[in-house]
Every structure is written in C-alpha cells, then in structure tokens.
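This is input-v8.txt (compact mmCIF, C-alpha atoms and all ligand atoms).
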# COMPACT_ATOMS: atom_id res chain seq x y z
CA MET A 273 -1.91 16.02 2.08
CA ALA A 274 -0.33 17.91 -0.80
CA THR A 275 -3.77 19.04 -1.98
CA GLY A 276 -4.02 21.51 0.88
CA ARG A 277 -0.61 22.99 0.38
CA ASN A 278 -0.70 23.35 -3.39
CA HIS A 279 -4.41 24.19 -3.76
CA ARG A 280 -4.60 21.66 -6.57
CA PRO A 281 -4.77 17.89 -6.43
CA ALA A 282 -1.50 15.98 -6.21
CA THR A 283 -1.32 13.91 -9.36
CA SER A 284 0.43 10.69 -10.21
CA ARG A 285 3.22 10.83 -12.74
CA SER A 286 1.19 9.09 -15.44
CA ARG A 287 -1.66 10.82 -17.23
CA GLY A 288 -2.36 13.30 -14.43
CA ILE A 289 -4.59 11.05 -12.30
CA PRO A 290 -4.89 12.59 -8.80
CA GLU A 291 -3.06 10.65 -6.08
CA ALA A 292 -6.30 10.43 -4.06
CA THR A 293 -7.94 8.70 -7.05
CA VAL A 294 -4.97 6.34 -7.42
CA ALA A 295 -5.29 5.50 -3.72
CA ARG A 296 -8.98 4.57 -4.19
CA LEU A 297 -8.38 2.37 -7.26
CA PRO A 298 -7.36 -0.66 -5.12
CA LEU A 299 -10.63 -0.29 -3.17
CA TYR A 300 -12.64 -0.39 -6.40
CA LEU A 301 -10.56 -3.29 -7.65
CA ARG A 302 -11.17 -5.31 -4.49
CA ALA A 303 -14.93 -4.75 -4.76
CA LEU A 304 -14.93 -5.48 -8.50
CA THR A 305 -12.89 -8.66 -8.04
CA ALA A 306 -15.48 -9.91 -5.54
CA LEU A 307 -18.24 -9.20 -8.12
CA SER A 308 -16.23 -10.88 -10.86
CA GLU A 309 -15.79 -13.98 -8.69
CA ARG A 310 -19.59 -14.11 -8.37
CA SER A 311 -19.85 -13.74 -12.19
CA VAL A 312 -21.78 -10.45 -11.85
CA PRO A 313 -21.57 -8.86 -15.34
CA THR A 314 -22.41 -5.22 -14.59
CA VAL A 315 -22.60 -2.93 -11.59
CA SER A 316 -24.09 0.50 -10.99
CA SER A 317 -21.95 3.31 -9.62
CA GLU A 318 -24.08 3.34 -6.44
CA GLU A 319 -23.64 -0.41 -5.83
CA LEU A 320 -19.94 -0.30 -6.51
CA ALA A 321 -19.47 2.83 -4.39
CA ALA A 322 -21.22 1.15 -1.47
CA ALA A 323 -19.12 -2.00 -1.86
CA ALA A 324 -15.92 0.06 -1.98
CA GLY A 325 -16.94 2.38 0.86
CA VAL A 326 -16.68 5.46 -1.34
CA ASN A 327 -19.12 8.22 -2.29
CA SER A 328 -20.71 7.45 -5.70
CA ALA A 329 -20.09 10.93 -7.15
CA LYS A 330 -16.42 10.57 -6.24
CA LEU A 331 -16.39 7.12 -7.88
CA ARG A 332 -17.83 8.49 -11.12
CA LYS A 333 -15.26 11.29 -11.10
CA ASP A 334 -12.46 8.77 -10.42
CA PHE A 335 -13.58 6.57 -13.30
CA SER A 336 -13.75 9.55 -15.63
CA TYR A 337 -9.95 9.81 -15.26
CA LEU A 338 -9.77 6.27 -16.63
CA GLY A 339 -12.04 7.24 -19.51
CA SER A 340 -14.71 4.91 -18.11
CA TYR A 341 -18.20 6.39 -17.94
CA GLY A 342 -20.45 3.32 -17.76
CA THR A 343 -23.71 2.93 -19.67
CA ARG A 344 -26.83 4.70 -18.46
CA GLY A 345 -29.32 2.18 -17.06
CA VAL A 346 -26.78 -0.64 -17.28
CA GLY A 347 -23.81 0.51 -15.25
CA TYR A 348 -20.20 -0.50 -15.60
CA ASP A 349 -18.92 -3.68 -17.21
CA VAL A 350 -17.26 -5.47 -14.28
CA GLU A 351 -14.63 -7.43 -16.24
CA TYR A 352 -13.61 -4.47 -18.34
CA LEU A 353 -13.29 -2.25 -15.28
CA VAL A 354 -11.16 -4.89 -13.53
CA TYR A 355 -8.89 -4.86 -16.58
CA GLN A 356 -8.79 -1.06 -16.82
CA ILE A 357 -7.97 -0.53 -13.14
CA SER A 358 -5.44 -3.37 -13.10
CA ARG A 359 -3.74 -1.86 -16.14
CA GLU A 360 -3.75 1.62 -14.58
CA LEU A 361 -2.21 0.29 -11.36
CA GLY A 362 0.42 -1.63 -13.32
CA LEU A 363 -0.95 -4.96 -12.12
CA THR A 364 -1.08 -6.51 -15.56
CA GLN A 365 2.66 -7.00 -15.27
CA ASP A 366 4.66 -9.06 -12.80
CA TRP A 367 6.28 -7.13 -9.92
CA PRO A 368 9.07 -9.02 -8.18
CA VAL A 369 9.23 -7.98 -4.52
CA VAL A 370 11.93 -8.59 -1.89
CA ILE A 371 11.15 -8.70 1.79
CA VAL A 372 13.98 -7.71 4.11
CA GLY A 373 13.73 -8.84 7.74
CA ILE A 374 12.21 -12.31 8.00
CA GLY A 375 11.08 -12.31 11.62
CA ASN A 376 7.48 -12.55 12.78
CA LEU A 377 6.15 -9.92 10.40
CA GLY A 378 8.37 -10.68 7.40
CA ALA A 379 7.45 -14.37 7.58
CA ALA A 380 3.75 -13.51 7.85
CA LEU A 381 4.04 -11.24 4.80
CA ALA A 382 5.91 -13.92 2.87
CA ASN A 383 3.06 -16.32 3.62
CA TYR A 384 0.38 -13.85 2.56
CA GLY A 385 -1.27 -15.25 -0.56
CA GLY A 386 -2.75 -11.89 -1.54
CA PHE A 387 0.51 -10.59 -3.01
CA ALA A 388 0.83 -13.23 -5.72
CA SER A 389 -2.84 -13.04 -6.68
CA ARG A 390 -2.37 -9.32 -7.34
CA GLY A 391 0.78 -9.61 -9.44
CA PHE A 392 3.35 -9.16 -6.66
CA ARG A 393 5.71 -12.11 -6.73
CA VAL A 394 7.89 -12.55 -3.67
CA ALA A 395 11.22 -13.01 -5.45
CA ALA A 396 13.45 -13.24 -2.38
CA LEU A 397 13.52 -13.15 1.40
CA ILE A 398 16.53 -11.47 2.99
CA ASP A 399 17.70 -11.39 6.59
CA ALA A 400 20.87 -10.41 8.45
CA ASP A 401 20.69 -13.41 10.80
CA PRO A 402 23.11 -16.05 9.46
CA SER A 403 21.17 -18.79 11.24
CA LEU A 404 18.16 -18.08 9.00
CA ALA A 405 20.10 -18.37 5.73
CA GLY A 406 18.84 -21.27 3.65
CA LYS A 407 15.78 -21.86 5.85
CA PRO A 408 12.57 -22.06 3.85
CA VAL A 409 9.80 -19.59 4.64
CA ALA A 410 6.65 -19.86 2.52
CA GLY A 411 8.63 -22.21 0.28
CA ILE A 412 11.43 -19.70 -0.36
CA ALA A 413 14.92 -20.08 1.12
CA VAL A 414 15.95 -17.04 3.17
CA GLN A 415 19.11 -15.38 1.85
CA HIS A 416 21.67 -13.42 3.80
CA THR A 417 21.90 -9.62 3.50
CA ASP A 418 25.41 -9.99 2.05
CA GLU A 419 23.66 -11.03 -1.15
CA LEU A 420 21.14 -8.18 -1.21
CA GLU A 421 22.59 -6.27 -4.17
CA THR A 422 23.06 -9.41 -6.28
CA ILE A 423 19.54 -10.63 -5.51
CA ILE A 424 18.02 -7.33 -6.56
CA SER A 425 19.90 -7.02 -9.82
CA GLU A 426 19.44 -10.67 -10.80
CA ASN A 427 15.70 -10.62 -10.16
CA GLY A 428 15.03 -7.16 -11.59
CA VAL A 429 13.35 -6.18 -8.33
CA SER A 430 11.89 -2.68 -8.07
CA ILE A 431 9.82 -2.98 -4.87
CA GLY A 432 11.36 -3.64 -1.46
CA VAL A 433 9.47 -4.39 1.75
CA ILE A 434 11.24 -3.50 5.00
CA ALA A 435 10.25 -5.55 8.05
CA THR A 436 13.39 -5.12 10.13
CA PRO A 437 13.65 -3.49 13.55
CA ALA A 438 13.44 0.31 13.35
CA GLY A 439 17.15 0.75 14.07
CA ALA A 440 18.16 -1.19 10.95
CA ALA A 441 15.55 0.22 8.57
CA GLN A 442 17.39 3.30 7.24
CA GLN A 443 20.54 1.33 6.52
CA VAL A 444 18.49 -1.37 4.77
CA CYS A 445 16.62 1.34 2.86
CA ASP A 446 19.91 2.95 1.72
CA ARG A 447 21.21 -0.39 0.46
CA LEU A 448 17.97 -1.15 -1.35
CA VAL A 449 17.99 2.25 -3.04
CA ALA A 450 21.68 1.99 -3.97
CA ALA A 451 20.91 -1.39 -5.51
CA GLY A 452 18.23 0.14 -7.72
CA ILE A 453 15.00 -0.20 -5.73
CA THR A 454 12.65 2.72 -6.41
CA SER A 455 9.62 1.74 -4.31
CA ILE A 456 9.66 0.80 -0.63
CA LEU A 457 6.91 -0.43 1.63
CA ASN A 458 8.11 0.28 5.15
CA PHE A 459 6.66 -1.54 8.15
CA ALA A 460 9.39 -0.43 10.58
CA PRO A 461 8.25 2.33 12.93
CA THR A 462 10.74 4.89 11.71
CA VAL A 463 10.92 7.77 9.26
CA LEU A 464 13.00 6.92 6.20
CA SER A 465 14.93 9.42 4.09
CA VAL A 466 15.11 8.61 0.41
CA PRO A 467 16.36 10.46 -2.66
CA GLU A 468 14.13 11.99 -5.30
CA GLY A 469 12.38 9.42 -7.45
CA VAL A 470 12.01 6.83 -4.70
CA ASP A 471 8.51 6.24 -3.34
CA VAL A 472 8.02 5.14 0.24
CA ARG A 473 4.75 4.01 1.71
CA LYS A 474 4.54 3.34 5.38
CA VAL A 475 2.20 0.91 7.09
CA ASP A 476 1.77 1.30 10.83
CA LEU A 477 -1.02 -0.61 12.49
CA SER A 478 -0.35 1.05 15.84
CA ILE A 479 -1.17 4.42 14.27
CA GLU A 480 -4.47 2.98 13.04
CA LEU A 481 -5.22 1.70 16.53
CA GLN A 482 -4.38 5.09 18.02
CA ILE A 483 -6.84 6.73 15.62
CA LEU A 484 -9.49 4.20 16.62
CA ALA A 485 -8.69 4.83 20.29
CA PHE A 486 -9.22 8.54 19.68
CA HIS A 487 -12.66 7.89 18.19
CA GLU A 488 -13.54 5.39 20.92
CA GLN A 489 -12.65 7.98 23.53
CA ARG A 490 -14.77 10.58 21.78
CA LYS A 491 -17.73 8.21 21.47
CA ALA A 492 -17.50 7.25 25.13
CA GLY A 493 -16.90 10.66 26.64
CA GLU A 494 -18.77 13.26 24.71
CA GLU A 495 -22.31 14.49 24.22
CA PRO A 496 -23.95 13.52 20.87
CA HIS A 497 -22.48 15.69 18.13
CA GLY A 498 -24.07 17.36 15.14
CA GLU A 499 -24.13 16.19 11.54
CA ASP A 500 -21.09 18.19 10.54
CA GLU A 501 -18.81 16.49 13.01
CA GLY A 502 -20.27 13.11 12.18
CA ALA A 503 -19.63 13.67 8.49
CA ALA A 504 -16.06 14.70 9.18
CA HIS A 505 -15.01 11.08 9.34
CA PRO A 506 -17.14 9.24 6.80
CA VAL A 507 -14.46 6.89 5.52
CA ALA A 508 -12.09 4.63 7.44
CA PRO A 509 -8.77 6.31 8.30
CA PRO A 510 -5.73 5.41 6.23
CA ALA A 511 -3.93 2.11 6.74
CA ALA A 512 -0.93 3.40 4.87
CA THR A 513 0.56 6.80 4.32
CA VAL A 514 1.89 8.43 1.22
CA THR A 515 5.26 10.03 0.86
CA LYS A 516 5.64 13.22 -1.13
CA ARG A 517 8.79 14.03 -3.02
CA PRO A 518 11.03 16.80 -1.75
CA ALA A 519 14.61 16.66 -3.08
CA LYS A 520 15.99 14.63 -0.17
CA ARG A 521 12.86 13.70 1.54
CA PRO A 522 11.74 12.28 4.82
CA GLU A 523 8.52 10.27 4.98
CA SER A 524 5.36 12.21 5.55
CA GLY A 525 3.02 11.54 8.41
CA PRO A 526 -0.45 10.05 8.09
CA ASP A 527 -2.23 11.41 5.08
CA GLY A 528 -5.79 12.27 5.96
CA ASP A 529 -7.83 11.37 2.90
CA VAL A 530 -5.79 8.57 1.38
CA PRO A 531 -7.48 5.24 2.02
CA ALA A 532 -5.88 1.86 2.56
CA VAL A 533 -3.69 0.73 -0.30
CA MET A 534 -3.27 -2.93 0.38
CA PRO A 535 -6.49 -4.79 -0.20
CA ALA A 536 -6.81 -7.66 2.24
N1 LIG A 601 3.76 -1.62 10.62
C1 LIG A 601 3.12 -2.41 11.44
O1 LIG A 601 1.93 -2.35 11.57
C2 LIG A 601 3.96 -3.37 12.21
C3 LIG A 601 3.38 -4.46 12.85
C4 LIG A 601 4.24 -5.34 13.49
C5 LIG A 601 5.61 -5.10 13.51
N2 LIG A 601 6.09 -4.00 12.90
C6 LIG A 601 7.52 -3.70 12.82
O2 LIG A 601 8.08 -4.63 11.90
C7 LIG A 601 9.43 -4.89 12.26
C8 LIG A 601 9.62 -6.37 12.41
O3 LIG A 601 8.83 -6.87 13.49
P1 LIG A 601 8.94 -8.40 13.89
O4 LIG A 601 8.00 -8.64 14.99
O5 LIG A 601 8.87 -9.24 12.67
O6 LIG A 601 10.45 -8.44 14.46
P2 LIG A 601 11.43 -9.69 14.56
O7 LIG A 601 12.43 -9.33 15.58
O8 LIG A 601 10.64 -10.95 14.71
O9 LIG A 601 12.13 -9.74 13.11
C9 LIG A 601 13.05 -8.80 12.65
C10 LIG A 601 13.96 -9.49 11.67
O10 LIG A 601 14.79 -8.52 11.06
C11 LIG A 601 16.10 -9.07 10.94
N3 LIG A 601 17.07 -7.99 10.81
C12 LIG A 601 17.60 -7.19 11.78
N4 LIG A 601 18.46 -6.31 11.24
C13 LIG A 601 18.48 -6.55 9.91
C14 LIG A 601 19.19 -5.96 8.83
N5 LIG A 601 20.02 -4.95 8.99
N6 LIG A 601 18.99 -6.48 7.60
C15 LIG A 601 18.14 -7.50 7.40
N7 LIG A 601 17.45 -8.10 8.40
C16 LIG A 601 17.61 -7.63 9.64
C17 LIG A 601 16.27 -9.90 12.19
O11 LIG A 601 17.30 -10.88 12.04
C18 LIG A 601 14.88 -10.53 12.33
O12 LIG A 601 14.81 -11.77 11.67
C19 LIG A 601 9.68 -4.10 13.53
O13 LIG A 601 10.28 -2.87 13.17
C20 LIG A 601 8.30 -3.89 14.10
O14 LIG A 601 8.22 -2.74 14.91
C21 LIG A 601 5.30 -3.15 12.24
Rewritten as structure tokens:
Amino acid sequence: MATGRNHRPATSRSRGIPEATVARLPLYLRALTALSERSVPTVSSEELAAAAGVNSAKLRKDFSYLGSYGTRGVGYDVEYLVYQISRELGLTQDWPVVIVGIGNLGAALANYGGFASRGFRVAALIDADPSLAGKPVAGIAVQHTDELETIISENGVSIGVIATPAGAAQQVCDRLVAAGITSILNFAPTVLSVPEGVDVRKVDLSIELQILAFHEQRKAGEEPHGEDEGAAHPVAPPAATVTKRPAKRPESGPDGDVPAVMPA
C-alpha cells in the first residue's frame, strides 16, 4: 500500500482522512446500522470495534478524523455516528450507478438490494448482446451498449460497474471514462488502465479464495507458530483492492491492510 512507499499514510482527497480509515468506515457503518436497527442508542468503542472486526484503538483514532470522540462512560451516539459516517462517505446523496455486462454476475448485482439501501441507485443496465436489449432484469430494461454515452450523460452517472468478460473490460472502461465516469468497480479479472482522476476498485473473489487456500495450507501443513506470526493476520484479507493514482495508471494489486469495501 502507498503507506509503505511514502512513509506517510495515503490520504483521501477530502479533509486528509487516511485511505485506510476511509476503507474501514463502511465496516463501522455496517455494524452501526445493525445497532440502529435494534434501536441501540449508544455503543462503546470496544463493542463497536468488536462488531466491526477492528482494533478499538484504531477505531478511536479513525473517529477522531471525523471529529467524533464519544462521551466517557456513555460511548458513541449510534444515530449520530451513522449520519457522520454516511455523510463522510458521500452516502447522504444519491449515486446513480450503471452496470455494464448483464450476464450471470451483472444480473446478480442488479438484483442485489444492498446497493439501493446504501444510496447506490442502479440507473441503467447495459450489455452488448442485442438479444438482451429491452429484457427486464431486476425490473430494469437492459439497454444496448450503443446507448452507453447517452445513458451516462442523461442520468448523471459517475460510478460504473464492469461485469463483462475480461477481454472486453478495457474497451468498456475507456468508453465509460470518455463518457464522464470517474469511478469504476471492476469485477472482470483484468488490469485496467485509467487516466488521472479516475478511481478503480477491483473485486476478485478468486483472489480471496487463493488467500484462504494459502492459510488453509499453512494451518494443515505446519507446526504451531508463535504469537507474532499469528498476529500477522488479525483481520480478514481484503475483498477489494485500491488503485493508486499515477499519471496513466494501471490497477494495483491486492492492498494488504485495506478491508472489504462493500458491506454485504
Ligand atoms: N470478481 C469476481 O469475484 C467475479 C466473480 C464472477 C465473475 N467474475 C467476472 O465477471 C465477468 C462476468 O462474468 P459472468 O459469469 O457474468 O459472465 P457472462 O458471460 O454470464 O456475462 C458477460 C456479459 O457481458 C456481456 N458483454 C460482453 N462484451 C461486452 C461489451 N463489450 N460491452 C457490454 N457487455 C458485454 C455479454 O453479452 C454477457 O451478457 C467475467 O469477467 C468474470 O470473470 C468476477
């Protein structure tokens, strides 16, 4: 991760919040939302840290970037923290999203209710297969790729999801970017090149499985290891990877200490 290379934390563009903190905010939000649904009014940093799978000192440090310090003996106000984190993540506004490639994965994503409940409205579904055009998926008619640019400008879309085969992904990415998309969630198993100012996050479940396979192999084959080694992997490995921003940049590989970004 950039932290190692620069010897200072990579920070998000707004208000200097470290990227690693930004990547943990969705974990806190998921835990807080569950508390809110149970009408729990306050939560201690220890309880919330345990629910989010994060170290409590790290949580307190993360919340200090939001200007949230909690009340001694009482803890954090759940509803207010939900609001603060949602606002910080930009979830208090509507984000129209397009999904390109409506096959098995694209259709499953379109049907995923968790997007809408978090402020991500699926504005359009796009596919190159003419036989899919007009067919409803999750109640939305699939549109042909010929209309991609028009769809994006008419819906004010800034986030594109790529669920095409790997071979088509770069070309789809280039069209999305040319049409004004500045954030891409890429599910295709390929490295995308994007210009400066465009953020790409990559989700690859097979990489997660390979990491689990590595740990399974270690657990099965090795002698018991000491505390240091055990502590080297205290948190689940990343489900998504972050892209840094060189001038014309390829995607980065898995980013060691960035946790999952898409709460399930
Ligand atoms: N990241 C993950 O964890 C993960 C998991 C499953 C699948 N995948 C990847 O997701 C992608 C989709 O998988 P799938 O099983 O849904 O495949 P699929 O073959 O069922 O669907 C792909 C769809 O993309 C469309 N398509 C092809 N070229 C296109 C283009 N240029 N523009 C727009 N649409 C185009 C096809 O018509 C098809 O409908 C693959 O790259 C696959 O490897 C990733």
Problem - Contact residues around stretch 300-312 of chain A with all atoms listed in the file at 8 Å, ignoring same-chain residues under 6 positions, as a PyMOL selection string - result: chain A and resi 320-321+323-324+350-351+353-354+357-358+535
Given 6 Å of margin on each side, can you work out the centre and size in Å (one decimal) of an axis-aligned box holding every listed atom of stretch 343-352 of chain A, as JSON?
{"center_x": -21.5, "center_y": -1.4, "center_z": -17.0, "size_x": 27.7, "size_y": 24.1, "size_z": 17.4}
Completion exercise
note - atom CA of A:Leu363 and atom CA of A:Ile434 are separated by 21.1 Å
Completion exercise
Pairwise distance, atom CA of A:Ser328 with atom CA of A:Leu297, equals 13.4 Å
Exercise for the section: Report the distance between atom C4 of ligand LIG 601 (chain A) and atom CA of A:Ile423 in Å, rounded to one decimal place. Expected result: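 One can read the atom C4 of ligand LIG 601 (chain A) to atom CA of A:Ile423 distance as 25.0 Å.
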Practice task
Neighbourhood query: residues within 12 Å of (10.3, -12.6, 13.0), file coordinates, counting only C-alpha atoms; return as a PyMOL selection string.
Solution key: chain A and resi 371-382+398-401+404+409+435-437
Practice task
Within 8 Å of A:Thr314, counting only C-alpha atoms, which residues show up once you throw out same-chain ones fewer than 4 positions away? Write them as a list in words, please.
Solution key: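 Selected residues are Val346, Gly347, Tyr348, Asp349 and Val350 of chain A.
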Practice task
Choose the residue, out of A:Val369, A:Ile453, A:Cys445, A:Ile412, that has the smallest atom-to-atom separation from ligand LIG 601 (chain A); count all atoms listed in the file.
Solution key: A:Cys445
Fill in the blank from the handout: Min atom-atom distance to ligand LIG 601 (chain A) from the set A:Leu484, A:Glu426, A:Val414, A:Ala451, counting all atoms listed in the file, belongs to A:Val414
